[in-house]
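Here is the structure we will look at, set down as structure tokens.
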Protein chains: 2
Amino acid sequence: METRELRYFVAVAEELHFGRAARRLGMAQPPLSRAIQQLERRLGAALLDRTSRTVTLTEAGSVLLAESRAALAAVDAAERRTRRAALTATGGPGLILAAKAGASSELLAKLLGLYAAEPGATPVEVTLCGPGEQERLLREGRADVALLHRPFDSTAGFDTEELSTESQVVVLPAGHPLTLRAHVHLADITALPGLPLPRWPAPDGTYPPGPGPQVRDHTQLLQTVALGRACTILPESCRNQLHDDLAAVPVLDAPTVTTVIAWPPHSRSRAVADLIRIAARL
Amino acid sequence: METRELRYFVAVAEELHFGRAARRLGMAQPPLSRAIQQLERRLGAALLDRTSRTVTLTEAGSVLLAESRAALAAVDAAERRTRRAALTATGGPGLILAAKAGASSELLAKLLGLYAAEPGATPVEVTLCGPGEQERLLREGRADVALLHRPFDSTAGFDTEELSTESQVVVLPAGHPLTLRAHVHLADITALPGLPLPRWPAPDGTYPPGPGPQVRDHTQLLQTVALGRACTILPESCRNQLHDDLAAVPVLDAPTVTTVIAWPPHSRSRAVADLIRIAARL
DNA sequence: AGCAGCGATACCGTCAAGGTATCGATCCCG
DNA sequence: CGGGATCGATACCTTGACGGTATCGCTGCT
């Protein structure tokens, strides 16, 4: 199978409409119809059920859709990583590390410091991004290595090494009654009147429905909490970033957060290997 | 990038010889040279350093080689999984599970029993294979789900769920002096005169060098041990498969073995999801 | 110097990918 | 119930990308 065929199929499977898919691909509809027919013939499987009015995916079709996306992502990542490797040789940044803005800053500083001291260390460019975005950057080959946070980010498809495990705290406006408690439970928090949990954007940029205020980044989050509009649950290492207008209380039954360093499983690069070796010793 | 180009590049990168690579691809050498040139032009990167006598990989080239193998594997797996999905609809086996022959048999039986009792369960075909082969079957899309054993198998690129953790025992011929001990350490075993650890074949079928006898499967392994030609370290669950001619002693400092159920991260199938849900509750 | 081996280049033929025109079926609406 | 609109499939044509053959130019080894 050629990637061209996979791209065609993904377009049709997503649009469920040959005409629209053809427009999206910048081609005419007939050759697209033929390409899909040929793909079906070669696979010996019906991928789409078509009447002259509607197009639907068969079971095999929806398998191929999921697999095609993964395969095309792998091909695109191959291209980007090769381009980056070529740039690196001519003096670009040696390594791109993606990390969530505002998270694990102490850990990150220590890691970068130790790596920089390594003989033969290359310059590391740090991309600080929104929550969950590190995963995408790494998958797309735009970053060489990333700090992820389980159980929030999926590490599926990566090699990983655990760096630290923390319990979580609830961050509240200073002076809130709960801040007098030595610890709380999740049930205490969900029941808080007037302090809902904020909503983060999904990968596609939309916000899930709910009562909480919409936030995009860490600063905005903490400010919203300080204003008494929300509370939030964060790993305990956030505590040394809190001003006096915020207070943190341990949450006993919140899931523990594990920070892991992750990299694509086929990394050949010496620099990535060095960085990981150092991270594993932290 | 088209998969054709990637296949061409992999052939040349592996052979480091345009003529041989062309023969392997069943084509003439000139179009292959041109295809690689075009790939390099489009990527804006030199992939190969060629003199008229030798061909070597550049840094970017070796990145692309690793990435191409991964991407081509993803494309091949997509094709196989789609074919399988189509067969399943027409009454083939619903699910193929790969497990190492002789390992986790109790766990496996329990899992299959529970799943078969599930409403809407599809027939499960179990492929019992040699050590480390489950991983390959799963990667290539020849199996839908597999039981892997950490730290021996790499789970990189899969979603996994831990099923059980066991410590390991050393298996010895009955009557061996060490069998009188309540437990041993690794150092005790490596020092055993005349009882080396056997050698397993690598994925390419060759055996690593060393003193131990060559074995291919579990039966052969246990028989070799019973004959007093080797000893071996296995998870403790193997104990109820041992005859009287073999004895097992716990090894205190051997790494613990974790059995995990693994599946490709893009699995859309209801059957896989059911099986995993059941496995997680074991 | 001459030969052998290798990758690159020049040139040519073919076929598959893509375009246009149109068909046949289905649904919607009056 | 009939006509128009919409959609995927088919028929037919054009073109350029891909592959083949012949040959060149360079290099290393006798």
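Order determines the names: the first chain of the structure tokens is A, the second B, and so forth; residues in each chain are numbered 1 upward, and ligands are numbered 1 upward as they are shown.
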
Got a sec to tell me which of range 147-213 of chain A DSSP assigns to alpha helix (DSSP H), as a count of residues only?
5

May I ask you to extract the residues of chain A within 7 Å of chain B, using only C-alpha atoms, and to give them as JSON, numbers by chain?
{"A": [2, 3, 4, 43, 45, 59, 60, 63, 64, 66, 67, 68, 71, 74, 75, 78, 82, 83, 85, 86, 156, 157, 158, 159, 265, 266, 268]}

Restricting the output to N, CA and C atoms, write the selected residues as a PDB file, in the first residue's frame.
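Produced file again20.pdb, reproduced below:
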```
ATOM      1  N   GLU A   2       0.510   2.212  -0.816  1.00  0.00           N
ATOM      2  CA  GLU A   2       1.232   3.480  -0.865  1.00  0.00           C
ATOM      3  C   GLU A   2       0.569   4.504   0.048  1.00  0.00           C
ATOM      4  N   THR A   3       1.361   5.434   0.556  1.00  0.00           N
ATOM      5  CA  THR A   3       0.768   6.436   1.442  1.00  0.00           C
ATOM      6  C   THR A   3      -0.283   7.257   0.709  1.00  0.00           C
ATOM      7  N   ARG A   4      -0.094   7.434  -0.611  1.00  0.00           N
ATOM      8  CA  ARG A   4      -1.094   8.168  -1.378  1.00  0.00           C
ATOM      9  C   ARG A   4      -2.464   7.518  -1.225  1.00  0.00           C
ATOM     10  N   LEU A  43      -7.021  -5.358  -1.304  1.00  0.00           N
ATOM     11  CA  LEU A  43      -7.141  -5.870   0.059  1.00  0.00           C
ATOM     12  C   LEU A  43      -8.111  -7.046   0.119  1.00  0.00           C
ATOM     13  N   ALA A  45     -11.269  -6.699   0.436  1.00  0.00           N
ATOM     14  CA  ALA A  45     -12.187  -6.361   1.520  1.00  0.00           C
ATOM     15  C   ALA A  45     -12.978  -5.112   1.156  1.00  0.00           C
ATOM     16  N   GLU A  59     -16.757  -2.578   8.917  1.00  0.00           N
ATOM     17  CA  GLU A  59     -15.883  -2.929  10.045  1.00  0.00           C
ATOM     18  C   GLU A  59     -14.413  -2.836   9.633  1.00  0.00           C
ATOM     19  N   ALA A  60     -14.106  -3.468   8.495  1.00  0.00           N
ATOM     20  CA  ALA A  60     -12.726  -3.422   7.999  1.00  0.00           C
ATOM     21  C   ALA A  60     -12.312  -1.982   7.726  1.00  0.00           C
ATOM     22  N   VAL A  63     -11.274  -0.186  10.853  1.00  0.00           N
ATOM     23  CA  VAL A  63      -9.942  -0.641  11.267  1.00  0.00           C
ATOM     24  C   VAL A  63      -8.881   0.062  10.424  1.00  0.00           C
ATOM     25  N   LEU A  64      -9.088   0.070   9.105  1.00  0.00           N
ATOM     26  CA  LEU A  64      -8.087   0.693   8.237  1.00  0.00           C
ATOM     27  C   LEU A  64      -7.967   2.185   8.522  1.00  0.00           C
ATOM     28  N   ALA A  66      -8.270   3.772  11.439  1.00  0.00           N
ATOM     29  CA  ALA A  66      -7.420   3.964  12.621  1.00  0.00           C
ATOM     30  C   ALA A  66      -5.969   3.625  12.285  1.00  0.00           C
ATOM     31  N   GLU A  67      -5.770   2.523  11.568  1.00  0.00           N
ATOM     32  CA  GLU A  67      -4.409   2.097  11.249  1.00  0.00           C
ATOM     33  C   GLU A  67      -3.735   3.064  10.288  1.00  0.00           C
ATOM     34  N   SER A  68      -4.507   3.589   9.345  1.00  0.00           N
ATOM     35  CA  SER A  68      -3.933   4.515   8.368  1.00  0.00           C
ATOM     36  C   SER A  68      -3.456   5.777   9.059  1.00  0.00           C
ATOM     37  N   ALA A  71      -0.237   4.973  10.657  1.00  0.00           N
ATOM     38  CA  ALA A  71       0.836   4.755   9.687  1.00  0.00           C
ATOM     39  C   ALA A  71       1.254   6.078   9.056  1.00  0.00           C
ATOM     40  N   ALA A  74       3.327   8.016  11.340  1.00  0.00           N
ATOM     41  CA  ALA A  74       4.691   7.481  11.403  1.00  0.00           C
ATOM     42  C   ALA A  74       5.507   7.971  10.210  1.00  0.00           C
ATOM     43  N   VAL A  75       4.893   8.001   9.024  1.00  0.00           N
ATOM     44  CA  VAL A  75       5.614   8.467   7.837  1.00  0.00           C
ATOM     45  C   VAL A  75       5.942   9.951   7.964  1.00  0.00           C
ATOM     46  N   ALA A  78       8.703  10.408  10.353  1.00  0.00           N
ATOM     47  CA  ALA A  78       9.969  10.004   9.746  1.00  0.00           C
ATOM     48  C   ALA A  78      10.559  11.168   8.955  1.00  0.00           C
ATOM     49  N   THR A  82      13.944  13.229  10.023  1.00  0.00           N
ATOM     50  CA  THR A  82      15.092  13.220   9.116  1.00  0.00           C
ATOM     51  C   THR A  82      15.523  14.643   8.804  1.00  0.00           C
ATOM     52  N   ARG A  83      14.553  15.490   8.506  1.00  0.00           N
ATOM     53  CA  ARG A  83      14.879  16.895   8.238  1.00  0.00           C
ATOM     54  C   ARG A  83      15.608  17.506   9.415  1.00  0.00           C
ATOM     55  N   ALA A  85      17.321  15.978  11.727  1.00  0.00           N
ATOM     56  CA  ALA A  85      18.654  15.396  11.877  1.00  0.00           C
ATOM     57  C   ALA A  85      19.623  16.085  10.920  1.00  0.00           C
ATOM     58  N   ALA A  86      19.147  16.401   9.713  1.00  0.00           N
ATOM     59  CA  ALA A  86      20.006  17.058   8.739  1.00  0.00           C
ATOM     60  C   ALA A  86      20.346  18.474   9.202  1.00  0.00           C
ATOM     61  N   ALA A 156       1.499   5.581  25.419  1.00  0.00           N
ATOM     62  CA  ALA A 156       1.440   4.488  24.453  1.00  0.00           C
ATOM     63  C   ALA A 156       2.247   4.856  23.219  1.00  0.00           C
ATOM     64  N   GLY A 157       3.106   3.972  22.803  1.00  0.00           N
ATOM     65  CA  GLY A 157       3.896   4.201  21.614  1.00  0.00           C
ATOM     66  C   GLY A 157       5.239   4.836  21.893  1.00  0.00           C
ATOM     67  N   PHE A 158       5.542   5.094  23.139  1.00  0.00           N
ATOM     68  CA  PHE A 158       6.844   5.666  23.460  1.00  0.00           C
ATOM     69  C   PHE A 158       7.619   4.749  24.396  1.00  0.00           C
ATOM     70  N   ASP A 159       8.914   4.906  24.412  1.00  0.00           N
ATOM     71  CA  ASP A 159       9.719   4.363  25.489  1.00  0.00           C
ATOM     72  C   ASP A 159       9.731   5.395  26.606  1.00  0.00           C
ATOM     73  N   PRO A 265      10.419   5.323  20.155  1.00  0.00           N
ATOM     74  CA  PRO A 265      11.141   4.081  20.398  1.00  0.00           C
ATOM     75  C   PRO A 265      12.281   3.800  19.423  1.00  0.00           C
ATOM     76  N   HIS A 266      12.408   4.560  18.343  1.00  0.00           N
ATOM     77  CA  HIS A 266      13.443   4.214  17.369  1.00  0.00           C
ATOM     78  C   HIS A 266      14.608   5.186  17.398  1.00  0.00           C
ATOM     79  N   ARG A 268      17.817   6.904  17.442  1.00  0.00           N
ATOM     80  CA  ARG A 268      19.177   6.436  17.272  1.00  0.00           C
ATOM     81  C   ARG A 268      20.156   7.433  17.879  1.00  0.00           C
TER      82      ARG A 268
END
```

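Shortest separation to chain D among B:Ser167, B:Thr224, B:Gln29, B:Thr219 occurs at residue B:Gln29, atoms counted being only C-alpha atoms (C1' of nucleotides).
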
Specify as a PyMOL selection string all residues of chain A found within 9 Å of chain D, counting only C-alpha atoms (C1' of nucleotides).
chain A and resi 17-19+29-30+33-34+50-54

Proximity of chain C to chain A: per-residue shortest pair, 12 Å limit, only C-alpha atoms (C1' of nucleotides), as CSV:
```
residue,atom,partner,partner_atom,distance
C:DA16,C1',A:Ala35,CA,10.9
C:DA17,C1',A:Pro31,CA,7.6
C:DG18,C1',A:Pro31,CA,6.2
C:DG19,C1',A:Ala28,CA,7.2
C:DT20,C1',A:Ala28,CA,9.6
C:DA21,C1',A:Pro30,CA,11.2
C:DT22,C1',A:Pro30,CA,11.7
C:DG24,C1',A:Ser52,CA,9.5
C:DA25,C1',A:Ser52,CA,6.2
C:DT26,C1',A:Ser52,CA,6.2
C:DC27,C1',A:Arg53,CA,7.9
```

Can I get the selection written as an mmCIF file, in the first residue's frame, with C-alpha atoms (C1' of nucleotides)?
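Heads up, here's the output in part_20.cif:
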```cif
data_model
loop_
_atom_site.group_PDB
_atom_site.id
_atom_site.type_symbol
_atom_site.label_atom_id
_atom_site.label_comp_id
_atom_site.auth_asym_id
_atom_site.auth_seq_id
_atom_site.Cartn_x
_atom_site.Cartn_y
_atom_site.Cartn_z
ATOM 1 C "C1'" DA C 16 -0.981 4.194 -14.323
ATOM 2 C "C1'" DA C 17 -2.745 8.396 -12.275
ATOM 3 C "C1'" DG C 18 -5.587 12.144 -13.129
ATOM 4 C "C1'" DG C 19 -8.916 14.989 -15.932
ATOM 5 C "C1'" DT C 20 -13.585 15.675 -18.570
ATOM 6 C "C1'" DA C 21 -17.973 14.151 -19.941
ATOM 7 C "C1'" DT C 22 -21.634 11.421 -18.881
ATOM 8 C "C1'" DG C 24 -27.660 5.609 -13.635
ATOM 9 C "C1'" DA C 25 -29.685 5.578 -9.234
ATOM 10 C "C1'" DT C 26 -31.865 7.863 -5.410
ATOM 11 C "C1'" DC C 27 -34.111 11.406 -2.943
#
```

Return as a Markdown table the residues of range 94-198 of chain A lying at most 6 Å from range 241-260 of chain A, together with the closest atom-to-atom pair for each and the distance in Å to one decimal, counting only C-alpha atoms, with rows in chain order and ascending residue number.
```
| residue | atom | partner | partner_atom | distance |
| --- | --- | --- | --- | --- |
| A:Leu147 | CA | A:Val260 | CA | 5.7 |
| A:Leu148 | CA | A:Val260 | CA | 5.3 |
| A:His149 | CA | A:Thr259 | CA | 4.6 |
| A:Arg150 | CA | A:Thr258 | CA | 5.1 |
| A:Glu161 | CA | A:Val260 | CA | 5.5 |
| A:Glu162 | CA | A:Val260 | CA | 4.4 |
| A:Leu163 | CA | A:Val260 | CA | 5.2 |
| A:Ser164 | CA | A:Thr259 | CA | 5.3 |
| A:Thr165 | CA | A:Thr258 | CA | 4.3 |
| A:Glu166 | CA | A:Val257 | CA | 5.3 |
| A:Ser167 | CA | A:Thr256 | CA | 4.5 |
| A:Gln168 | CA | A:Val251 | CA | 5.9 |
| A:Val169 | CA | A:Pro250 | CA | 4.1 |
| A:Val170 | CA | A:Val249 | CA | 5.3 |
| A:Val171 | CA | A:Ala248 | CA | 4.5 |
| A:Leu172 | CA | A:Ala247 | CA | 5.3 |
| A:Pro173 | CA | A:Leu246 | CA | 4.7 |
| A:Ala174 | CA | A:Leu246 | CA | 4.6 |
| A:His183 | CA | A:Pro250 | CA | 4.9 |
| A:Val184 | CA | A:Val251 | CA | 5.0 |
| A:His185 | CA | A:Val251 | CA | 5.3 |
```

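Put simply, CA of Leu16 in chain B is 16.3 Å away from CA of Leu39 in chain B.
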
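CA of Glu135 in chain A lies 15.2 Å from CA of Gly205 in chain A.
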
Which polymer residues have any atom within 12 Å of an atom of Leu112 in chain A, counting only C-alpha atoms (C1' of nucleotides), with same-chain residues fewer than 2 positions away left out, as a VMD selection string?
chain A and resid 95 to 97 105 to 110 114 to 118 121 to 126 274 to 276 278 to 279 282

Just write the chosen residues, C-alpha atoms, as a PDB file, in the first residue's frame.
```
ATOM      1  CA  LEU A  95      17.722  18.396  20.794  1.00  0.00           C
ATOM      2  CA  ILE A  96      14.165  19.612  21.324  1.00  0.00           C
ATOM      3  CA  LEU A  97      12.579  18.800  24.663  1.00  0.00           C
ATOM      4  CA  SER A 105      10.390  23.158  36.586  1.00  0.00           C
ATOM      5  CA  GLU A 106      12.797  22.138  39.320  1.00  0.00           C
ATOM      6  CA  LEU A 107      13.287  18.681  37.837  1.00  0.00           C
ATOM      7  CA  LEU A 108      13.726  20.170  34.372  1.00  0.00           C
ATOM      8  CA  ALA A 109      16.328  22.672  35.546  1.00  0.00           C
ATOM      9  CA  LYS A 110      18.307  19.944  37.265  1.00  0.00           C
ATOM     10  CA  LEU A 114      23.419  17.974  34.476  1.00  0.00           C
ATOM     11  CA  TYR A 115      23.163  17.317  30.751  1.00  0.00           C
ATOM     12  CA  ALA A 116      24.911  20.573  29.851  1.00  0.00           C
ATOM     13  CA  ALA A 117      27.839  19.478  32.004  1.00  0.00           C
ATOM     14  CA  GLU A 118      28.097  16.226  30.040  1.00  0.00           C
ATOM     15  CA  ALA A 121      26.401  17.771  25.092  1.00  0.00           C
ATOM     16  CA  THR A 122      24.468  19.493  22.307  1.00  0.00           C
ATOM     17  CA  PRO A 123      22.341  22.610  22.829  1.00  0.00           C
ATOM     18  CA  VAL A 124      18.867  21.700  24.108  1.00  0.00           C
ATOM     19  CA  GLU A 125      15.899  23.721  22.994  1.00  0.00           C
ATOM     20  CA  VAL A 126      13.022  23.551  25.468  1.00  0.00           C
ATOM     21  CA  ASP A 274      22.712  10.675  26.991  1.00  0.00           C
ATOM     22  CA  LEU A 275      19.836  12.805  28.219  1.00  0.00           C
ATOM     23  CA  ILE A 276      17.827   9.744  29.196  1.00  0.00           C
ATOM     24  CA  ILE A 278      21.149  11.285  33.046  1.00  0.00           C
ATOM     25  CA  ALA A 279      17.423  11.598  33.697  1.00  0.00           C
ATOM     26  CA  LEU A 282      17.900  11.827  39.001  1.00  0.00           C
TER      27      LEU A 282
END
```

Between CA of Ile233 in chain A and CA of Leu186 in chain A, what is the spacing in Å?
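These two atoms are separated by 9.5 Å.
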
Secondary structure check, strand (DSSP E or B) residues of range 112-278 of chain B, as a ChimeraX atom specification:
/B:124-129,145-150,159-166,168-173,184,199,214,232-235,246-251,257-263
